[in-house]
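Undergrad: My questions will all concern the structure given below.
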Number of protein chains: 2
Amino acid sequence: MANNIVSLNELVSQFERLPGIGKKTAARLAYFVLSQPADYAEKFAASLINAKEKIHYCSRCQAFTDLDICDICSDDNRDKSTICVVEQPKDVLVFERMREYRGLYHVLHGCISPLDNIGPEQLKIKELLARLSDNTVTEVIMATNPTVEGEATASYLSRLIKPMGIKITRLAYGIPVGSDLEYAGEMTLTLALDGRTEI
Amino acid sequence: MANNIVSLNELVSQFERLPGIGKKTAARLAYFVLSQPADYAEKFAASLINAKEKIHYCSRCQAFTDLDICDICSDDNRDKSTICVVEQPKDVLVFERMREYRGLYHVLHGCISPLDNIGPEQLKIKELLARLSDNTVTEVIMATNPTVEGEATASYLSRLIKPMGIKITRLAYGIPVGSDLEYAGEMTLTLALDGRTEI
């Protein structure tokens, strides 16, 4: 950056730490903040602090909440016999947007990844097993990411959960709706072929 | 957003107010902040407040600075006889990145736009005229945006400045380097043809 205003560069580098925000965009955002009335920066700062202070993990599903138990876990209309296991809190949002799934969730907060020094003990696996111990849950849906690490985490969990007599499923692999076959990876196509259904 | 955590939604809507950040990206950024250690949110908040508090307009060129007179205005190696007039503080950065221009700047902080109720008196025009009164400046380069409003602002300024005996130039219009003729607008092509040079 061709400026040597320390406080501006600091703000730019804070924006740059956000995922998907590069140098140029970070500069654009910082300049935008400076061009706004002072109360914008103040409100933005307050909401950062406030959100981080008030929001913690739901004591059951480990998703984000500002309560002890989140809205989904405490909703009597949800199907308590099914738990969908996801890697990140934001994955819960992705499922909720669909408005199809009526069961509960469990957020692992990552996946097993020896390269990043993340083993099972760093994830919310103990908490998941505790939730399965009272026999209300009959199905666990593995919705970890379709990556090597996500797969490894799903199969590690299945080995732990299967002996408890609980059905374990995972999301179907296949070609994404609306895309072109040309852009499907080989592995995706192989799995789509394996999982073909009669029409 | 399928969540009803007030403080989270507030943070999302603050991110959404940033230019170019849509609903989904804002949610992703807010979740990222929550997933970081608490000191990240604190540092981010502090740098927002700090930048907004310390940075103001240079008393000469009206660009952002944390000093009374910015680095460019107080740099003895810059050519004090040329002023490049731009609309926004970020435009100064764009020019400085090029490392070609050695003159000074003047930031108008907008352009004349009757639809947005912005007239000449809302812009830093008085300040520009004051800088031109001591006869050091011999050329003013108009680098307002190539829009109807930018053009109108440039021609309004020329009418004011020309009587002072100062040369007024503007950036050349033409086809952008590296692009395809197919994508050039009709107006751009017309101006590129008018401004053709011998090779």
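Letters A, B, ... mark the chains of the structure tokens in the order given; residue numbers begin at 1 per chain; ligand numbers begin at 1, in order shown.
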Set the cut-off to 6 Å and count only C-alpha atoms: what are the residues of chain B that reach chain A? Output as a PyMOL selection string.
TA: chain B and resi 7-8+11+14+34+41+44-45+47-49+51-52
Undergrad: Go ahead and write the residues just picked, C-alpha atoms, as a PDB file, in the first residue's frame.
TA:
ATOM      1  CA  SER B   7     -25.952  -9.956  18.368  1.00  0.00           C
ATOM      2  CA  LEU B   8     -24.947 -12.222  15.464  1.00  0.00           C
ATOM      3  CA  LEU B  11     -22.715  -8.136  13.254  1.00  0.00           C
ATOM      4  CA  GLN B  14     -22.655  -4.302   9.851  1.00  0.00           C
ATOM      5  CA  LEU B  34     -16.855 -15.788  16.075  1.00  0.00           C
ATOM      6  CA  ALA B  41     -12.629  -9.086  17.590  1.00  0.00           C
ATOM      7  CA  PHE B  44     -10.476  -5.351  14.926  1.00  0.00           C
ATOM      8  CA  ALA B  45     -12.844  -3.112  16.930  1.00  0.00           C
ATOM      9  CA  SER B  47      -8.467  -0.491  14.843  1.00  0.00           C
ATOM     10  CA  LEU B  48     -11.859   0.668  13.498  1.00  0.00           C
ATOM     11  CA  ILE B  49     -12.198   3.248  16.265  1.00  0.00           C
ATOM     12  CA  ALA B  51      -8.416   4.746  12.371  1.00  0.00           C
ATOM     13  CA  LYS B  52     -11.604   6.783  12.399  1.00  0.00           C
TER      14      LYS B  52
END
Undergrad: Can you list, as a list in words, every protein, DNA or RNA residue that comes within 7 Å of Val107 of chain A when you count only C-alpha atoms, leaving out same-chain residues fewer than 3 positions away?
TA: Cys61, Gln62, Ala63, Val85, Val86, Glu87, Gln88 and Pro89 of chain A
Undergrad: DSSP on the backbone: which residues in segment 94-183 of chain A end up as helix (DSSP H, G or I)? Give the answer as number ranges by chain.
TA: A: 94-98, 114-116, 120-122, 125-132, 148-164, 181-183
Undergrad: So how far away is atom CA of Thr169 of chain A from atom CA of Glu139 of chain A, in Å?
TA: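 These atoms are spaced 7.4 Å apart.
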Undergrad: I need the strand (DSSP E) residues of segment 21-127 of chain B per DSSP on the backbone, written as an NGL selection string.
TA: :B and (56-57 or 64-65 or 79-86 or 103-107)
Undergrad: Considering only C-alpha atoms, return as a CSV table (one decimal) with N, CA and C atoms, in the first residue's frame whatever protein or nucleic-acid residues lie within 7 Å of Ile168 of chain B, sequence-local ones (same chain, fewer than 2 positions apart) excluded.
TA:
chain,number,residue,atom,x,y,z
B,139,GLU,N,-0.3,23.6,-14.0
B,139,GLU,CA,-1.2,22.7,-14.6
B,139,GLU,C,-2.1,21.9,-13.7
B,140,VAL,N,-3.4,21.8,-14.0
B,140,VAL,CA,-4.3,21.0,-13.2
B,140,VAL,C,-4.8,19.9,-14.1
B,141,ILE,N,-4.6,18.6,-13.7
B,141,ILE,CA,-5.0,17.5,-14.4
B,141,ILE,C,-6.4,17.0,-13.9
B,158,SER,N,-13.1,23.5,-14.9
B,158,SER,CA,-12.3,24.2,-16.0
B,158,SER,C,-12.7,25.6,-16.2
B,166,ILE,N,-4.2,29.0,-15.9
B,166,ILE,CA,-3.6,27.7,-15.6
B,166,ILE,C,-4.0,26.7,-16.7
B,170,ARG,N,-6.9,16.7,-19.2
B,170,ARG,CA,-7.7,15.6,-18.5
B,170,ARG,C,-7.1,14.3,-19.0
Undergrad: Atom CA of Met187 of chain A and atom CA of Tyr156 of chain A, how far apart in Å?
TA: 21.3 Å
Undergrad: Between A:Asp68, A:Asp79, A:Glu151, A:Glu186, which has the minimum distance to Glu100 of chain A (counting only C-alpha atoms)?
TA: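 Between A:Asp68, A:Asp79, A:Glu151, A:Glu186, the residue approaching Glu100 of chain A most closely is A:Asp79.
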Undergrad: Which distance in Å separates atom CA of Lys23 of chain A and atom CA of Pro176 of chain B, to one decimal?
TA: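 Separation between atom CA of Lys23 of chain A and atom CA of Pro176 of chain B: 22.9 Å.
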Undergrad: Compare B:Lys80, B:Lys124, B:Lys24, B:Arg60 by their minimum atom-to-atom distance to Ile112 of chain B, counting only C-alpha atoms, and give me the closest one.
TA: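 Checking each of B:Lys80, B:Lys124, B:Lys24, B:Arg60 against Ile112 of chain B, counting only C-alpha atoms, the winner is B:Lys124.
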Undergrad: Which residues are near Leu193 of chain B? Cut-off 12 Å, only C-alpha atoms, ignore same chain within fewer than 3 positions. Put them as a short mmCIF file (atom, residue, chain, number, x, y, z; two decimals) with all heavy atoms, in the first residue's frame.
TA:
data_model
loop_
_atom_site.label_atom_id
_atom_site.label_comp_id
_atom_site.auth_asym_id
_atom_site.auth_seq_id
_atom_site.Cartn_x
_atom_site.Cartn_y
_atom_site.Cartn_z
N ALA B 172 -6.53 10.82 -20.91
CA ALA B 172 -6.96 10.43 -22.25
C ALA B 172 -8.04 9.35 -22.16
O ALA B 172 -7.99 8.47 -21.30
CB ALA B 172 -5.76 9.89 -23.02
N TYR B 173 -9.01 9.43 -23.03
CA TYR B 173 -10.00 8.36 -23.17
C TYR B 173 -9.51 7.41 -24.24
O TYR B 173 -8.86 7.82 -25.19
CB TYR B 173 -11.34 8.93 -23.63
CG TYR B 173 -12.10 9.63 -22.55
CD1 TYR B 173 -12.42 10.97 -22.66
CD2 TYR B 173 -12.49 8.92 -21.42
CE1 TYR B 173 -13.13 11.61 -21.67
CE2 TYR B 173 -13.19 9.56 -20.42
CZ TYR B 173 -13.51 10.90 -20.54
OH TYR B 173 -14.19 11.52 -19.56
N GLY B 174 -9.85 6.15 -24.14
CA GLY B 174 -9.47 5.20 -25.17
C GLY B 174 -9.78 3.79 -24.73
O GLY B 174 -10.41 3.58 -23.69
N ILE B 175 -9.34 2.83 -25.53
CA ILE B 175 -9.59 1.43 -25.18
C ILE B 175 -8.58 1.00 -24.13
O ILE B 175 -7.40 1.35 -24.20
CB ILE B 175 -9.49 0.53 -26.42
CG1 ILE B 175 -8.25 0.91 -27.25
CG2 ILE B 175 -10.74 0.68 -27.28
CD1 ILE B 175 -7.92 -0.10 -28.31
N ALA B 184 -15.43 -3.11 -25.72
CA ALA B 184 -15.37 -1.66 -25.55
C ALA B 184 -16.74 -1.06 -25.86
O ALA B 184 -17.39 -1.43 -26.83
CB ALA B 184 -14.30 -1.08 -26.47
N GLU B 186 -19.55 1.76 -27.07
CA GLU B 186 -19.58 2.59 -28.28
C GLU B 186 -18.93 3.95 -28.03
O GLU B 186 -18.17 4.46 -28.84
CB GLU B 186 -21.03 2.85 -28.72
CG GLU B 186 -21.63 1.69 -29.50
CD GLU B 186 -23.11 1.90 -29.68
OE1 GLU B 186 -23.52 3.03 -29.96
OE2 GLU B 186 -23.87 0.92 -29.51
N MET B 187 -19.24 4.51 -26.86
CA MET B 187 -18.73 5.83 -26.53
C MET B 187 -17.21 5.79 -26.41
O MET B 187 -16.52 6.69 -26.91
CB MET B 187 -19.35 6.27 -25.18
CG MET B 187 -19.22 7.73 -24.90
SD MET B 187 -20.09 8.71 -26.16
CE MET B 187 -19.26 10.28 -25.92
N THR B 188 -16.70 4.75 -25.75
CA THR B 188 -15.25 4.59 -25.59
C THR B 188 -14.59 4.50 -26.95
O THR B 188 -13.57 5.14 -27.21
CB THR B 188 -14.95 3.31 -24.78
OG1 THR B 188 -15.64 3.40 -23.54
CG2 THR B 188 -13.48 3.14 -24.51
N LEU B 189 -15.18 3.69 -27.84
CA LEU B 189 -14.62 3.48 -29.17
C LEU B 189 -14.63 4.78 -29.97
O LEU B 189 -13.65 5.10 -30.64
CB LEU B 189 -15.44 2.39 -29.89
CG LEU B 189 -14.63 1.41 -30.74
CD1 LEU B 189 -13.44 0.85 -29.97
CD2 LEU B 189 -15.53 0.26 -31.21
N THR B 190 -15.73 5.52 -29.87
CA THR B 190 -15.83 6.81 -30.56
C THR B 190 -14.71 7.74 -30.11
O THR B 190 -14.02 8.36 -30.92
CB THR B 190 -17.19 7.48 -30.22
OG1 THR B 190 -18.22 6.55 -30.51
CG2 THR B 190 -17.40 8.74 -31.04
N ARG B 196 -7.17 9.18 -31.95
CA ARG B 196 -6.15 8.29 -32.53
C ARG B 196 -4.84 9.04 -32.77
O ARG B 196 -4.83 10.23 -33.09
CB ARG B 196 -6.67 7.65 -33.81
CG ARG B 196 -6.88 8.60 -34.97
CD ARG B 196 -7.63 7.87 -36.10
NE ARG B 196 -7.87 8.74 -37.25
CZ ARG B 196 -8.90 9.58 -37.33
NH1 ARG B 196 -9.76 9.70 -36.32
NH2 ARG B 196 -9.07 10.31 -38.40
N THR B 197 -3.74 8.30 -32.59
CA THR B 197 -2.41 8.91 -32.76
C THR B 197 -1.65 8.17 -33.86
O THR B 197 -1.90 6.99 -34.10
CB THR B 197 -1.59 8.85 -31.46
OG1 THR B 197 -1.58 7.50 -30.99
CG2 THR B 197 -2.19 9.74 -30.39
N GLU B 198 -0.72 8.84 -34.50
CA GLU B 198 0.06 8.22 -35.58
C GLU B 198 1.09 7.27 -35.01
O GLU B 198 1.67 7.55 -33.96
CB GLU B 198 0.75 9.33 -36.39
CG GLU B 198 0.85 9.01 -37.87
CD GLU B 198 1.35 10.22 -38.65
OE1 GLU B 198 0.93 11.35 -38.32
OE2 GLU B 198 2.16 10.03 -39.57
#
Undergrad: Near Thr138 of chain A, within 12 Å and counting only C-alpha atoms, which residues show up once chain neighbours fewer than 4 positions away are dropped, as a PyMOL selection string?
TA: chain A and resi 79-84+103-104+131-134+161-162+164-169
Undergrad: Restrict the selected residues to N, CA, C and O atoms and save them as a PDB file, in the first residue's frame.
TA:
ATOM      1  N   ASP A  79     -37.344 -33.071  15.322  1.00  0.00           N
ATOM      2  CA  ASP A  79     -37.244 -34.516  15.493  1.00  0.00           C
ATOM      3  C   ASP A  79     -35.988 -34.865  16.290  1.00  0.00           C
ATOM      4  O   ASP A  79     -34.875 -34.786  15.769  1.00  0.00           O
ATOM      5  N   LYS A  80     -36.192 -35.255  17.547  1.00  0.00           N
ATOM      6  CA  LYS A  80     -35.041 -35.481  18.442  1.00  0.00           C
ATOM      7  C   LYS A  80     -34.340 -36.819  18.190  1.00  0.00           C
ATOM      8  O   LYS A  80     -33.357 -37.143  18.861  1.00  0.00           O
ATOM      9  N   SER A  81     -34.859 -37.611  17.241  1.00  0.00           N
ATOM     10  CA  SER A  81     -34.260 -38.928  17.015  1.00  0.00           C
ATOM     11  C   SER A  81     -33.147 -38.884  15.960  1.00  0.00           C
ATOM     12  O   SER A  81     -32.486 -39.886  15.727  1.00  0.00           O
ATOM     13  N   THR A  82     -32.972 -37.735  15.317  1.00  0.00           N
ATOM     14  CA  THR A  82     -31.955 -37.638  14.260  1.00  0.00           C
ATOM     15  C   THR A  82     -30.975 -36.513  14.543  1.00  0.00           C
ATOM     16  O   THR A  82     -31.379 -35.398  14.877  1.00  0.00           O
ATOM     17  N   ILE A  83     -29.700 -36.810  14.427  1.00  0.00           N
ATOM     18  CA  ILE A  83     -28.667 -35.782  14.596  1.00  0.00           C
ATOM     19  C   ILE A  83     -27.832 -35.712  13.319  1.00  0.00           C
ATOM     20  O   ILE A  83     -27.359 -36.738  12.824  1.00  0.00           O
ATOM     21  N   CYS A  84     -27.682 -34.517  12.805  1.00  0.00           N
ATOM     22  CA  CYS A  84     -26.859 -34.295  11.627  1.00  0.00           C
ATOM     23  C   CYS A  84     -25.523 -33.720  12.099  1.00  0.00           C
ATOM     24  O   CYS A  84     -25.483 -32.660  12.725  1.00  0.00           O
ATOM     25  N   GLY A 103     -34.497 -32.449  11.961  1.00  0.00           N
ATOM     26  CA  GLY A 103     -33.832 -33.075  13.109  1.00  0.00           C
ATOM     27  C   GLY A 103     -32.922 -32.089  13.826  1.00  0.00           C
ATOM     28  O   GLY A 103     -33.041 -30.875  13.666  1.00  0.00           O
ATOM     29  N   LEU A 104     -32.019 -32.614  14.646  1.00  0.00           N
ATOM     30  CA  LEU A 104     -31.074 -31.782  15.395  1.00  0.00           C
ATOM     31  C   LEU A 104     -29.708 -31.791  14.708  1.00  0.00           C
ATOM     32  O   LEU A 104     -29.514 -32.494  13.715  1.00  0.00           O
ATOM     33  N   ARG A 131     -24.505 -37.345  23.947  1.00  0.00           N
ATOM     34  CA  ARG A 131     -25.881 -37.126  23.501  1.00  0.00           C
ATOM     35  C   ARG A 131     -26.517 -38.412  22.980  1.00  0.00           C
ATOM     36  O   ARG A 131     -27.748 -38.515  22.919  1.00  0.00           O
ATOM     37  N   LEU A 132     -25.695 -39.369  22.575  1.00  0.00           N
ATOM     38  CA  LEU A 132     -26.222 -40.604  21.985  1.00  0.00           C
ATOM     39  C   LEU A 132     -26.512 -41.669  23.027  1.00  0.00           C
ATOM     40  O   LEU A 132     -27.112 -42.701  22.737  1.00  0.00           O
ATOM     41  N   SER A 133     -26.095 -41.401  24.280  1.00  0.00           N
ATOM     42  CA  SER A 133     -26.121 -42.462  25.293  1.00  0.00           C
ATOM     43  C   SER A 133     -27.513 -42.763  25.850  1.00  0.00           C
ATOM     44  O   SER A 133     -27.727 -43.815  26.430  1.00  0.00           O
ATOM     45  N   ASP A 134     -28.496 -41.852  25.671  1.00  0.00           N
ATOM     46  CA  ASP A 134     -29.809 -42.102  26.295  1.00  0.00           C
ATOM     47  C   ASP A 134     -30.848 -42.746  25.365  1.00  0.00           C
ATOM     48  O   ASP A 134     -32.045 -42.750  25.659  1.00  0.00           O
ATOM     49  N   ILE A 161     -19.708 -45.095  16.757  1.00  0.00           N
ATOM     50  CA  ILE A 161     -21.157 -45.031  16.999  1.00  0.00           C
ATOM     51  C   ILE A 161     -21.879 -46.322  16.635  1.00  0.00           C
ATOM     52  O   ILE A 161     -22.836 -46.717  17.302  1.00  0.00           O
ATOM     53  N   LYS A 162     -21.406 -47.000  15.588  1.00  0.00           N
ATOM     54  CA  LYS A 162     -22.093 -48.220  15.146  1.00  0.00           C
ATOM     55  C   LYS A 162     -22.324 -49.227  16.271  1.00  0.00           C
ATOM     56  O   LYS A 162     -23.438 -49.765  16.392  1.00  0.00           O
ATOM     57  N   MET A 164     -23.132 -48.825  19.124  1.00  0.00           N
ATOM     58  CA  MET A 164     -24.233 -48.394  19.984  1.00  0.00           C
ATOM     59  C   MET A 164     -25.585 -48.745  19.362  1.00  0.00           C
ATOM     60  O   MET A 164     -26.640 -48.402  19.912  1.00  0.00           O
ATOM     61  N   GLY A 165     -25.577 -49.376  18.175  1.00  0.00           N
ATOM     62  CA  GLY A 165     -26.830 -49.779  17.535  1.00  0.00           C
ATOM     63  C   GLY A 165     -27.589 -48.633  16.886  1.00  0.00           C
ATOM     64  O   GLY A 165     -28.802 -48.695  16.702  1.00  0.00           O
ATOM     65  N   ILE A 166     -26.874 -47.565  16.546  1.00  0.00           N
ATOM     66  CA  ILE A 166     -27.511 -46.405  15.917  1.00  0.00           C
ATOM     67  C   ILE A 166     -27.217 -46.424  14.421  1.00  0.00           C
ATOM     68  O   ILE A 166     -26.085 -46.706  14.004  1.00  0.00           O
ATOM     69  N   LYS A 167     -28.254 -46.142  13.608  1.00  0.00           N
ATOM     70  CA  LYS A 167     -28.073 -46.122  12.158  1.00  0.00           C
ATOM     71  C   LYS A 167     -27.211 -44.910  11.777  1.00  0.00           C
ATOM     72  O   LYS A 167     -27.412 -43.813  12.273  1.00  0.00           O
ATOM     73  N   ILE A 168     -26.219 -45.138  10.896  1.00  0.00           N
ATOM     74  CA  ILE A 168     -25.372 -44.043  10.444  1.00  0.00           C
ATOM     75  C   ILE A 168     -25.521 -43.879   8.940  1.00  0.00           C
ATOM     76  O   ILE A 168     -25.414 -44.853   8.194  1.00  0.00           O
ATOM     77  N   THR A 169     -25.820 -42.664   8.506  1.00  0.00           N
ATOM     78  CA  THR A 169     -25.940 -42.410   7.075  1.00  0.00           C
ATOM     79  C   THR A 169     -25.001 -41.273   6.697  1.00  0.00           C
ATOM     80  O   THR A 169     -24.449 -40.604   7.564  1.00  0.00           O
TER      81      THR A 169
END
